[in-house]
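File shown: run08.cif. Contents: mmCIF, C-alpha atoms.
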data_model
#
loop_
_atom_site.label_atom_id
_atom_site.label_comp_id
_atom_site.auth_asym_id
_atom_site.auth_seq_id
_atom_site.Cartn_x
_atom_site.Cartn_y
_atom_site.Cartn_z
CA LEU A 523 154.99 251.91 33.62
CA GLN A 524 151.43 250.68 33.78
CA ASN A 525 152.62 247.24 34.71
CA ILE A 526 150.06 244.59 33.92
CA LYS A 527 151.33 241.24 32.82
CA THR A 528 149.09 239.32 30.48
CA LEU A 529 149.63 235.71 29.47
CA MET A 530 150.12 235.62 25.71
CA THR A 531 148.12 233.09 23.72
CA PHE A 532 148.11 235.04 20.46
CA ASN A 533 150.46 235.95 17.64
CA VAL A 534 150.52 239.67 18.40
CA ILE A 535 152.98 241.18 15.97
CA ALA A 536 152.02 240.24 12.45
CA GLN A 537 148.31 240.76 12.96
CA ILE A 538 146.58 244.06 12.41
CA PHE A 539 143.11 243.60 13.86
CA LEU A 540 141.33 241.82 16.68
CA ALA A 541 139.50 238.65 15.69
CA VAL A 542 137.75 235.86 17.60
CA ILE A 543 136.65 232.37 16.58
CA LEU A 544 132.89 231.93 16.73
CA GLY A 545 131.17 229.06 18.47
CA ASN A 546 129.30 227.51 15.54
CA TRP A 547 131.74 224.87 14.28
CA LYS A 548 131.41 221.12 13.88
CA THR A 549 133.12 219.11 16.61
CA LEU A 550 136.02 216.80 15.71
CA ALA A 551 138.81 215.12 17.63
CA PHE A 552 142.15 216.94 17.60
CA ASP A 553 145.58 215.94 18.82
CA PRO A 554 147.48 219.12 19.86
CA PHE A 555 150.78 217.37 19.11
CA GLU A 556 149.74 216.40 15.59
CA LYS A 557 152.76 216.53 13.27
CA ASN A 558 150.79 216.31 10.03
CA VAL A 559 151.16 219.66 8.29
CA ASP A 560 148.09 218.87 6.18
CA ALA A 561 145.90 218.41 9.26
CA PRO A 562 142.59 220.34 9.09
CA PHE A 563 141.51 223.19 11.34
CA VAL A 564 139.47 221.78 14.24
CA ALA A 565 137.47 224.49 15.97
CA ASN A 566 136.45 222.63 19.12
CA PHE A 567 140.03 222.79 20.42
CA SER A 568 139.71 226.60 20.66
CA ARG A 569 137.79 228.63 23.19
CA LYS A 570 135.14 230.26 21.04
CA PHE A 571 133.32 233.55 21.35
CA HIS A 572 129.51 233.26 21.57
CA PRO A 573 127.88 236.59 20.57
CA ARG A 574 124.53 235.61 22.08
CA MET A 575 126.11 235.45 25.53
CA SER A 576 126.97 239.17 25.40
CA MET A 577 124.21 241.76 25.97
CA SER A 578 126.39 244.51 24.45
CA PHE A 579 127.41 242.73 21.21
CA ALA A 580 126.25 244.13 17.88
CA GLN A 581 126.94 242.94 14.36
CA VAL A 582 128.10 245.62 11.92
CA LEU A 583 125.76 245.11 8.98
CA PHE A 584 127.16 244.72 5.47
CA ASP A 585 130.77 244.62 6.76
CA GLY A 586 132.85 241.48 6.41
CA PHE A 587 136.43 240.43 5.83
CA HIS A 588 138.41 237.88 3.85
CA LEU A 589 142.12 237.52 4.59
CA LYS A 590 144.80 235.43 2.92
CA TYR A 591 148.24 235.11 4.46
CA ALA A 592 151.60 234.41 2.86
CA ASP A 593 151.55 230.88 4.35
CA THR A 594 148.23 230.27 2.48
CA ALA A 595 146.05 230.53 5.62
CA ASP A 596 142.57 231.74 4.66
CA LEU A 597 140.17 233.46 7.10
CA SER A 598 136.77 235.05 6.55
CA GLY A 599 133.85 236.29 8.63
CA TYR A 600 131.89 239.36 9.61
CA ILE A 601 132.51 242.46 11.75
CA GLY A 602 131.16 242.77 15.28
CA GLN A 603 131.31 245.42 17.97
CA ASP A 604 131.47 244.97 21.73
CA ILE A 605 133.41 245.95 24.84
CA VAL A 606 136.79 244.21 24.59
CA GLN A 607 139.12 243.83 27.59
CA LEU A 608 142.88 243.25 27.58
CA GLY A 609 144.32 242.89 31.07
CA HIS A 610 142.93 245.74 33.17
CA TYR A 611 141.96 247.85 30.15
CA TYR A 612 138.83 247.78 28.01
CA ALA A 613 136.96 249.78 25.38
CA ARG A 614 134.10 249.45 22.94
CA THR A 615 135.57 248.58 19.56
CA LYS A 616 135.05 246.65 16.34
CA PHE A 617 136.59 243.24 15.72
CA GLY A 618 136.46 240.38 13.26
CA CYS A 619 134.30 237.34 13.95
CA ILE A 620 135.92 234.39 12.18
CA THR A 621 133.37 232.01 10.65
CA ARG A 622 135.71 230.21 8.25
CA CYS A 623 139.30 229.06 8.66
CA ASP A 624 141.26 226.49 6.66
CA SER A 625 144.62 226.45 8.47
CA ALA A 626 145.75 223.93 11.11
CA ASP A 627 148.03 226.69 12.43
CA PHE A 628 144.95 228.03 14.23
CA ASN A 629 144.30 224.78 16.11
CA GLY A 630 144.29 225.63 19.81
CA VAL A 631 144.28 229.37 19.08
CA ASP A 632 141.44 231.50 20.48
CA GLY A 633 141.81 234.39 18.06
CA ILE A 634 144.12 237.15 16.85
CA LEU A 635 145.21 240.00 19.11
CA GLY A 636 145.28 243.26 17.16
CA MET A 637 148.49 245.09 18.07
CA GLY A 638 149.37 246.35 14.60
CA MET A 639 149.59 249.82 13.08
CA PRO A 640 146.61 251.87 11.82
CA ASP A 641 148.18 252.37 8.38
CA ALA A 642 147.85 248.62 7.78
CA ALA A 643 144.31 248.32 9.16
CA MET A 644 141.35 247.23 7.07
CA ALA A 645 138.85 249.90 6.04
CA SER A 646 136.06 248.05 7.86
CA ILE A 647 138.10 247.85 11.10
CA PRO A 648 139.95 251.17 11.25
CA GLU A 649 141.30 250.96 14.80
CA PRO A 650 143.60 248.17 16.07
CA LEU A 651 142.90 247.06 19.63
CA LEU A 652 145.96 248.81 21.09
CA PHE A 653 144.62 252.11 19.76
CA ALA A 654 141.09 251.37 20.97
CA ILE A 655 142.23 250.91 24.59
CA THR A 656 144.36 254.09 24.41
CA ASP A 657 141.63 256.28 22.87
CA ASN A 658 140.08 258.45 25.59
CA THR A 659 137.43 260.02 23.33
CA GLY A 660 134.91 257.20 23.85
CA ASP A 661 132.16 256.66 26.43
CA PRO A 662 133.82 256.80 29.89
CA VAL A 663 131.30 254.27 31.21
CA SER A 664 132.45 251.56 28.78
CA GLN A 665 136.19 252.07 28.85
CA ARG A 666 139.28 252.02 31.04
CA ILE A 667 142.10 253.61 29.12
CA LEU A 668 145.79 252.70 28.94
CA SER A 669 147.61 256.05 29.07
CA GLU A 670 150.83 254.96 27.31
CA ARG A 671 150.48 253.46 23.81
CA LYS A 672 153.31 250.97 24.30
CA PHE A 673 153.60 247.22 24.73
CA THR A 674 156.50 244.86 25.34
CA MET A 675 157.01 241.17 24.64
CA VAL A 676 159.09 238.89 26.88
CA VAL A 677 159.29 235.38 25.43
CA THR A 678 160.95 232.10 26.40
CA ARG A 679 160.58 228.62 24.90
CA THR A 680 157.81 227.79 27.36
CA ALA A 681 156.08 231.07 28.22
CA GLY A 682 155.33 234.56 26.98
CA GLU A 683 154.43 237.81 28.67
CA LEU A 684 152.75 240.91 27.26
CA GLN A 685 153.52 244.08 29.23
CA LEU A 686 151.30 247.09 28.58
CA GLY A 687 152.32 250.73 28.92
CA GLY A 688 156.10 250.21 28.85
CA PHE A 689 158.54 247.52 29.98
CA ASP A 690 159.63 245.90 33.24
CA LYS A 691 163.32 246.70 33.71
CA HIS A 692 163.81 243.42 35.60
CA ALA A 693 163.22 241.56 32.32
CA ILE A 694 166.39 243.11 30.86
CA ALA A 695 169.76 241.43 31.43
CA PRO A 696 171.84 243.15 34.18
CA GLY A 697 174.28 245.71 32.84
CA HIS A 698 172.22 246.42 29.71
CA GLU A 699 169.78 249.16 28.73
CA MET A 700 166.97 249.35 26.22
CA GLN A 701 168.17 250.67 22.84
CA PHE A 702 165.67 252.50 20.65
CA VAL A 703 165.35 252.42 16.86
CA LYS A 704 162.78 254.08 14.59
CA THR A 705 160.87 251.73 12.32
CA THR A 706 161.42 251.88 8.58
CA SER A 707 157.67 251.70 7.87
CA THR A 708 154.37 252.93 9.27
CA ALA A 709 152.55 249.78 8.15
CA GLU A 710 154.74 247.04 9.66
CA TYR A 711 157.20 246.59 12.51
CA SER A 712 160.35 246.81 10.42
CA VAL A 713 163.81 247.87 11.64
CA PRO A 714 167.05 248.65 9.74
CA ILE A 715 169.52 245.74 9.84
CA ASN A 716 173.10 246.86 9.18
CA SER A 717 174.84 243.55 9.74
CA ILE A 718 174.37 239.85 10.50
CA ARG A 719 177.57 238.01 11.45
CA PHE A 720 178.28 234.36 12.21
CA ASP A 721 181.60 232.72 13.04
CA GLY A 722 183.37 236.02 12.39
CA GLN A 723 181.94 236.26 8.86
CA GLU A 724 179.58 238.91 7.52
CA LEU A 725 176.39 237.46 6.02
CA LEU A 726 175.06 240.79 4.70
CA ASP A 727 177.88 241.71 2.33
CA PHE A 728 176.52 244.99 0.95
CA ALA A 729 177.69 246.10 -2.48
CA THR A 730 178.13 249.60 -1.02
CA VAL A 731 178.94 250.19 2.66
CA MET A 732 177.15 253.54 2.65
CA ASN A 733 173.47 253.79 1.82
CA PRO A 734 173.17 255.33 -1.69
CA ARG A 735 169.61 256.43 -0.89
CA VAL A 736 170.57 258.38 2.27
CA PRO A 737 174.03 260.00 2.19
CA GLY A 738 175.96 259.55 5.44
CA ARG A 739 173.94 256.51 6.52
CA MET A 740 175.15 252.93 6.64
CA SER A 741 173.52 250.45 4.25
CA TRP A 742 170.72 248.35 5.70
CA LEU A 743 168.03 245.83 4.89
CA PRO A 744 164.54 245.96 6.42
CA GLY A 745 164.06 243.37 9.15
CA ILE A 746 160.42 242.61 10.01
CA LEU A 747 159.75 241.69 13.63
CA ASP A 748 157.26 238.84 13.38
CA SER A 749 156.34 236.56 16.27
CA GLY A 750 154.37 234.45 13.80
CA THR A 751 157.62 233.36 12.15
CA SER A 752 159.52 230.68 14.07
CA CYS A 753 163.03 231.19 12.70
CA LEU A 754 165.46 233.73 11.33
CA VAL A 755 164.68 234.06 7.63
CA LEU A 756 167.53 235.25 5.39
CA PRO A 757 167.64 236.14 1.68
CA ASP A 758 169.17 233.47 -0.54
CA SER A 759 169.92 235.85 -3.38
CA LYS A 760 171.95 239.01 -3.99
CA LEU A 761 168.73 241.05 -3.93
CA GLN A 762 169.20 242.52 -7.39
CA GLY A 763 172.73 243.71 -6.70
CA VAL A 764 172.20 245.11 -3.19
CA LEU A 765 174.44 242.31 -1.82
CA ARG A 766 177.60 240.71 -3.18
CA SER A 767 176.75 237.22 -1.89
CA LYS A 768 173.77 235.13 -0.78
CA PRO A 769 173.32 235.36 3.04
CA PHE A 770 171.51 232.06 3.57
CA SER A 771 173.91 230.05 1.39
CA ARG A 772 176.83 231.67 3.19
CA PHE A 773 175.36 230.72 6.58
CA VAL A 774 174.84 227.09 5.50
CA SER A 775 178.47 226.85 4.41
CA LEU A 776 179.62 228.12 7.82
CA VAL A 777 177.44 225.82 9.94
CA ARG A 778 178.92 222.78 8.12
CA ASP A 779 177.48 219.84 10.11
CA PRO A 780 175.49 219.37 13.37
CA LEU A 781 178.43 218.09 15.42
CA TYR A 782 180.56 221.06 14.37
CA ALA A 783 177.78 223.52 15.30
CA GLU A 784 176.95 221.82 18.62
CA THR A 785 180.61 221.79 19.63
CA ARG A 786 181.25 225.49 18.94
CA ARG A 787 177.83 226.83 20.09
CA LEU A 788 178.33 230.22 18.41
CA ALA A 789 175.88 233.12 18.62
CA ILE A 790 174.45 234.97 15.64
CA GLU A 791 175.28 238.68 15.87
CA VAL A 792 172.71 241.14 14.52
CA THR A 793 173.28 244.90 14.25
CA ILE A 794 170.03 246.88 14.22
CA GLY A 795 170.12 250.63 13.79
CA GLY A 796 173.78 250.64 14.78
CA HIS A 797 173.22 248.58 17.97
CA ARG A 798 174.71 245.08 18.16
CA PHE A 799 172.75 242.20 19.70
CA GLU A 800 173.37 238.47 20.01
CA ILE A 801 171.06 235.54 19.39
CA PRO A 802 172.55 232.80 21.59
CA PHE A 803 173.15 229.33 20.16
CA VAL A 804 170.41 227.78 22.33
CA GLU A 805 167.83 230.10 20.77
CA TRP A 806 168.62 229.49 17.09
CA TRP A 807 169.55 225.80 17.29
CA LEU A 808 166.77 223.16 17.23
CA ALA A 809 168.31 220.54 19.51
CA ALA A 810 165.65 217.89 18.89
CA ASP A 811 166.13 218.10 15.12
CA ARG A 812 169.86 218.88 15.26
CA ARG A 813 169.55 221.73 12.78
CA PRO A 814 169.48 225.54 12.81
CA CYS A 815 166.26 227.52 12.98
CA VAL A 816 167.41 229.61 10.03
CA GLN A 817 165.55 229.52 6.73
CA ALA A 818 165.75 230.94 3.22
CA ALA A 819 163.37 233.78 2.33
CA PRO A 820 161.07 233.59 -0.71
CA PRO A 821 162.82 234.91 -3.86
CA ALA A 822 160.72 238.09 -4.08
CA PHE A 823 161.19 239.10 -0.43
CA MET A 824 163.67 241.99 -0.16
CA GLY A 825 164.58 241.76 3.51
CA VAL A 826 164.94 239.66 6.66
CA LEU A 827 162.30 238.13 8.93
CA LEU A 828 163.18 238.31 12.63
CA GLY A 829 161.10 235.51 14.12
CA ASP A 830 160.83 233.82 17.49
CA VAL A 831 164.57 233.21 17.74
CA LEU A 832 165.05 236.97 18.18
CA PHE A 833 162.08 237.39 20.51
CA ARG A 834 163.51 234.73 22.82
CA ALA A 835 166.89 236.46 22.86
CA LEU A 836 165.70 240.04 23.36
CA VAL A 837 163.08 242.05 25.22
CA VAL A 838 161.17 243.91 22.50
CA GLN A 839 159.13 247.07 23.12
CA PHE A 840 156.76 248.64 20.58
CA ASP A 841 156.17 252.35 21.15
CA LEU A 842 153.29 253.79 19.10
CA THR A 843 153.01 257.05 21.01
CA HIS A 844 153.42 258.77 17.64
CA PRO A 845 151.83 256.41 15.07
CA THR A 846 153.62 258.07 12.15
CA VAL A 847 157.02 257.49 13.80
CA PRO A 848 156.85 254.16 15.68
CA VAL A 849 159.88 253.29 17.81
CA ILE A 850 161.18 249.81 18.67
CA GLY A 851 163.09 249.18 21.90
CA LEU A 852 165.51 246.24 22.10
CA ALA A 853 167.56 244.81 24.97
CA PRO A 854 169.06 241.42 25.90
CA ARG A 855 166.59 239.32 27.90
CA ASN A 856 167.42 238.47 31.50
CA PRO A 857 167.56 234.63 31.54
CA HIS A 858 166.56 234.62 35.21
CA TYR A 859 163.37 236.61 34.62
CA ARG A 860 160.31 234.35 34.60
CA PRO A 861 157.23 235.44 32.61
CA VAL A 862 153.85 234.92 34.23
CA ARG A 863 152.27 231.50 33.79
CA PRO A 864 148.71 230.16 34.03
CA GLY A 865 147.56 230.19 37.64
CA SER A 866 150.00 232.93 38.66
CA ARG A 867 147.20 235.45 39.36
CA TRP A 868 148.58 238.09 37.01
CA TRP A 869 145.46 240.20 37.57
CA ARG A 870 146.87 241.18 40.98
CA HIS A 871 149.48 243.29 39.17
CA ARG A 872 147.60 246.56 39.50
CA PRO A 873 148.41 249.45 37.11
CA ARG A 874 150.68 252.17 38.49
#
As structure tokens, please, write out the structure in this file.
Amino acid sequence: LQNIKTLMTFNVIAQIFLAVILGNWKTLAFDPFEKNVDAPFVANFSRKFHPRMSMSFAQVLFDGFHLKYADTADLSGYIGQDIVQLGHYYARTKFGCITRCDSADFNGVDGILGMGMPDAAMASIPEPLLFAITDNTGDPVSQRILSERKFTMVVTRTAGELQLGGFDKHAIAPGHEMQFVKTTSTAEYSVPINSIRFDGQELLDFATVMNPRVPGRMSWLPGILDSGTSCLVLPDSKLQGVLRSKPFSRFVSLVRDPLYAETRRLAIEVTIGGHRFEIPFVEWWLAADRRPCVQAAPPAFMGVLLGDVLFRALVVQFDLTHPTVPVIGLAPRNPHYRPVRPGSRWWRHRPR
């Protein structure tokens, strides 16, 4: 394990490429606790990248980008190239320089950390950052290479830790081991979900127990691991006959009312690739709002979104040693393990 522990300030799962916010915005006042969902993006609350302060920066001429996300966020800018460092590791690589953003979700965010898969990369930025810092074919003078193309996320409600090169076994709950599952896609971090149970009831009531597409395999739905999604997002339809009932509606009927849920404090059980895991009540229940952090998926979405509620419950490793066959590692999180925090001098954790 090349054990460096980096404080996470980015949404690292859903994003494909590295991007920074440029320092040429108008200055406005911004309240970080603003509850108004229509609030504008205010750039001065982010630490911005200033290309003129780097002697090695170069703009890639004629290359730009324009991205639109499912939540309507809209980003655009141009492509730059420089030496980029993550923890103890660095390499010369391309990245996006954001010059326009219209989403308040980026208030207080410094940029996007590119930990995605190459198959989903843009043509103008062919190599995600994780692959750039594990590519030993570049100039040795301008790189320090991570030898294992793996990273792990350890997340609580108040802190997050990014571990490079493997995982710290102390972050896993005693008596448990990491379980490994192949992804169902080479373009997104998606895993096969066989079952989701709550209060002894199955929420994914498959029309056929066995997978008709793969004889001998249990039926499953794709579950996308997405740290940019806050909650567990379930289908609220029968998915064109794949299911016999609507998972989200079934869950709502079982939760009943806040007092009932808070009294019983039940976990949500999720079976991924044949391995059963629990999302404890404290991770999926929003105590301040007295409601579950479980939402209905858009009608056209044919799967499940595994958001922050799962990341807080489990230690999640992403192994891209073989990019065409990515492997996800999952294990219950040790509640006594404390991720690094600002001021903890994480840089003293030297690679082994």
(request) Tell me which protein, DNA and RNA residues are within 6 Å of A:Asp841, counting all atoms listed in the file, leaving out same-chain ones fewer than 6 positions away, and put them as a PyMOL selection string. (result) chain A and resi 672+848-849
(message) I want to know what sits within 9 Å of A:Ala541, based on only C-alpha atoms, with residues of the same chain fewer than 2 positions away left out; could you give that as a list of chain:residue names?
(response) A:Phe539, A:Ile543, A:Ile601, A:Phe617, A:Gly618, A:Cys619, A:Ile620, A:Asp632, A:Gly633, A:Ile634, A:Leu635, A:Gly636
(request) Any chance you could resolve the PyMOL selection byres ((chain A and resi 744) around 8) against this file and give the residues as a ChimeraX atom specification? (result) /A:706,712-715,742-743,745-746,824-826
(request) Choose the residue, out of A:Lys616, A:Arg778, A:His610, A:Lys691, that has the smallest atom-to-atom separation from A:Ile667; count only C-alpha atoms. (result) A:His610
(request) Expand the PyMOL selection byres ((chain A and resi 765-772) around 9) into the individual residues it matches in the shown file, reporting them as a count of residues only. (result) 28
